[in-house]
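Participant: Attaching a single structure in structure tokens format; questions to follow.
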Amino acid sequence: MTRTRDQDACPSALQVHQAADGALVRVRLPGGMISAAQLGALATVATEVGSGALELTSRGSVQLRGVTDPAVVADAVAAAGLLPSASHERARNIVASPLSGRVGGLADVRPWVGALDTAIQRAPTLAELPGRFWFGLDDGRGDVSGLRADAGLEALPGGDVALLLAGVDTGVRLAPDTAITALVTIAERFAEIRGNRWRVTELDDIEPLLAGFTRTAPAGRVAPATAVAAVGWLTQTDERITLGAAVPLGVLPARTAEFLAAIEAPMVITPWRSVLVCDLEEGVADLSLRVLAPQGLVFDQDSPWLSVSACVGSPGCSRSLADVRGDAIEAVETGVPAGRRHYVGCERACGSPVDGEVLVATPDGYRPRNRP
């Protein structure tokens, strides 16, 4: 792939993107973790100087669109404790198994998230990582590995950790206490050799990234993309409850975010554009479900909303040839075919999932991506 510039234009809380509908701000949430107070702060600023909604991304981040005063948003994000490093903000792309430590999995990777985030901020060279480079931390269930992060870890039976590059097992096995250092080393090497490449998959040879690491297992296993949003009533290991709520097309109205924040529980934004409300007593969970369901959140595992997504489309993006969100809504309302489908307004195909069918808008309707 030939690039015309060394750095991508991914937005952040400080580096905004000027979209057709106004400034776009992206707030990165390592591991998707966010407190009730922090979500409430984002809802407030989205109402005051934004579109009145939050957008959940495929990397577990939150976006604000139509921002009229980016400085106000930056101040609010910093005051909420969501901007610990101005220099490394775009490099803090960490996706982790959302239910880790609460439901299933082989290891609790939540401590890994904090350790990796701290290590990224302490590495000067990682401030120059492209905004599209991201890290994956999989607790052994295979959900995040299937998303194929540039550099990832996957917990294995027995306690070892597999090192993955672009979702492919390198054959390198690590002890948990050395795994975070290994990820930072990989990222630093990528920053040194990447030229104008933004992703590991764009390198001609990944071996320089693995210099000094020893392969002790077969390499080449590709992590399957099989995970979907976990929704509904989820009983945790400690018998408390997590409520999983899918957000149709990832658009969370600020008012609904305020209802979520009012529960005053820890939350996780997932890469499947859903929200987990965690650590609830059963009575609180029952009441919360009754309040949230009428807000348009999806708690049904069989809902078609779990398999339909879209880029922003028109009028938010000047490149788009269609109102793809409107078309996706119409597809769900009229009976969307079985299978994963992602609607996009142009060939850039922003937000496309690893699996499923990507439908690209044309002047004459939609066509599957990579077909004439």
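By convention here, the chains of the structure tokens are called A, B, ... in the order presented, each chain's residues are numbered starting at 1, and ligands are numbered starting at 1 in the order presented.
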Using DSSP on the backbone, list every residue of segment 172-312 of chain A that comes out as strand (DSSP E or B), and give them as a PyMOL selection string.
Facilitator: chain A and resi 172-174+215+222+232-235+241-246+251-253+267-269+274-280+298+308-310
Participant: Residues of the last selection are to be written out with N, CA and C atoms, as a short mmCIF file (atom, residue, chain, number, x, y, z; two decimals), in the first residue's frame.
Facilitator:
```cif
data_model
loop_
_atom_site.label_atom_id
_atom_site.label_comp_id
_atom_site.auth_asym_id
_atom_site.auth_seq_id
_atom_site.Cartn_x
_atom_site.Cartn_y
_atom_site.Cartn_z
N VAL A 172 5.24 -17.25 19.68
CA VAL A 172 5.97 -16.77 20.87
C VAL A 172 5.07 -16.93 22.09
N ARG A 173 5.62 -17.50 23.13
CA ARG A 173 4.90 -17.67 24.39
C ARG A 173 5.61 -16.86 25.48
N LEU A 174 4.80 -16.18 26.29
CA LEU A 174 5.34 -15.27 27.29
C LEU A 174 4.76 -15.58 28.66
N ARG A 215 10.33 -18.52 19.40
CA ARG A 215 9.10 -19.24 19.12
C ARG A 215 9.18 -20.62 19.76
N VAL A 222 -4.66 -18.32 12.79
CA VAL A 222 -5.38 -17.06 12.63
C VAL A 222 -6.60 -17.07 13.55
N GLY A 232 -28.12 -8.62 27.51
CA GLY A 232 -29.07 -9.21 28.43
C GLY A 232 -28.54 -9.28 29.85
N TRP A 233 -29.07 -10.23 30.57
CA TRP A 233 -28.78 -10.44 31.99
C TRP A 233 -27.64 -11.42 32.12
N LEU A 234 -26.48 -10.98 32.58
CA LEU A 234 -25.28 -11.80 32.65
C LEU A 234 -24.85 -11.94 34.10
N THR A 235 -24.86 -13.16 34.59
CA THR A 235 -24.50 -13.42 35.99
C THR A 235 -22.99 -13.53 36.12
N ILE A 241 -24.57 -8.93 38.93
CA ILE A 241 -25.12 -8.94 37.57
C ILE A 241 -24.44 -7.90 36.70
N THR A 242 -24.16 -8.27 35.47
CA THR A 242 -23.81 -7.32 34.42
C THR A 242 -24.97 -7.27 33.44
N LEU A 243 -25.41 -6.07 33.10
CA LEU A 243 -26.41 -5.89 32.05
C LEU A 243 -25.69 -5.52 30.77
N GLY A 244 -25.91 -6.29 29.71
CA GLY A 244 -25.33 -6.00 28.41
C GLY A 244 -26.37 -5.37 27.51
N ALA A 245 -26.08 -4.18 26.99
CA ALA A 245 -27.03 -3.44 26.17
C ALA A 245 -26.39 -3.06 24.84
N ALA A 246 -26.91 -3.58 23.75
CA ALA A 246 -26.44 -3.17 22.43
C ALA A 246 -27.03 -1.80 22.10
N VAL A 251 -25.11 4.63 18.11
CA VAL A 251 -25.48 6.01 18.41
C VAL A 251 -26.24 6.03 19.73
N LEU A 252 -25.60 6.57 20.76
CA LEU A 252 -26.16 6.61 22.10
C LEU A 252 -26.62 8.03 22.42
N PRO A 253 -27.92 8.28 22.44
CA PRO A 253 -28.38 9.63 22.78
C PRO A 253 -27.86 10.06 24.15
N MET A 267 -18.77 0.78 34.00
CA MET A 267 -19.25 0.37 32.68
C MET A 267 -18.09 0.06 31.75
N VAL A 268 -18.41 -0.70 30.71
CA VAL A 268 -17.44 -1.03 29.67
C VAL A 268 -18.10 -0.78 28.32
N ILE A 269 -17.43 0.01 27.48
CA ILE A 269 -17.87 0.18 26.10
C ILE A 269 -17.17 -0.89 25.27
N SER A 274 -21.65 -1.87 22.14
CA SER A 274 -22.59 -2.13 23.22
C SER A 274 -22.01 -1.59 24.51
N VAL A 275 -22.85 -1.57 25.55
CA VAL A 275 -22.43 -1.09 26.86
C VAL A 275 -22.69 -2.18 27.88
N LEU A 276 -21.71 -2.45 28.71
CA LEU A 276 -21.88 -3.35 29.84
C LEU A 276 -21.98 -2.51 31.11
N VAL A 277 -23.04 -2.72 31.86
CA VAL A 277 -23.22 -2.06 33.16
C VAL A 277 -22.96 -3.13 34.21
N CYS A 278 -21.91 -2.98 34.99
CA CYS A 278 -21.35 -4.09 35.75
C CYS A 278 -21.56 -3.98 37.26
N ASP A 279 -21.38 -5.13 37.91
CA ASP A 279 -21.29 -5.23 39.38
C ASP A 279 -22.59 -4.79 40.07
N LEU A 280 -23.73 -5.16 39.50
CA LEU A 280 -25.02 -4.74 40.05
C LEU A 280 -25.59 -5.79 40.99
N VAL A 298 -30.80 -2.40 23.40
CA VAL A 298 -31.20 -3.75 22.98
C VAL A 298 -30.65 -4.78 23.95
N VAL A 308 -26.08 -5.69 12.46
CA VAL A 308 -26.12 -4.60 11.48
C VAL A 308 -25.36 -3.40 12.03
N SER A 309 -24.49 -2.84 11.20
CA SER A 309 -23.76 -1.63 11.58
C SER A 309 -23.59 -0.75 10.35
N ALA A 310 -23.08 0.45 10.56
CA ALA A 310 -22.94 1.39 9.45
C ALA A 310 -21.92 2.46 9.81
#
```
Participant: Which residues are near segment 41-56 of chain A? Cut-off 8 Å, only C-alpha atoms, ignore same chain within fewer than 4 positions. Put them as a PyMOL selection string.
Facilitator: chain A and resi 37+60-69+72-73+76-77+80+250-255+257-258+269+271+273-274
Participant: Under the rule that only C-alpha atoms are counted, which of A:Val228, A:Ala223, A:Leu126, A:Ala162 is the nearest residue to Phe190 of chain A?
Facilitator: A:Leu126
Participant: If we count only C-alpha atoms, what is near Ile263 of chain A at a cut-off of 8 Å, once residues fewer than 4 positions away on the same chain are taken out, given as a ChimeraX atom specification?
Facilitator: /A:36,259,288
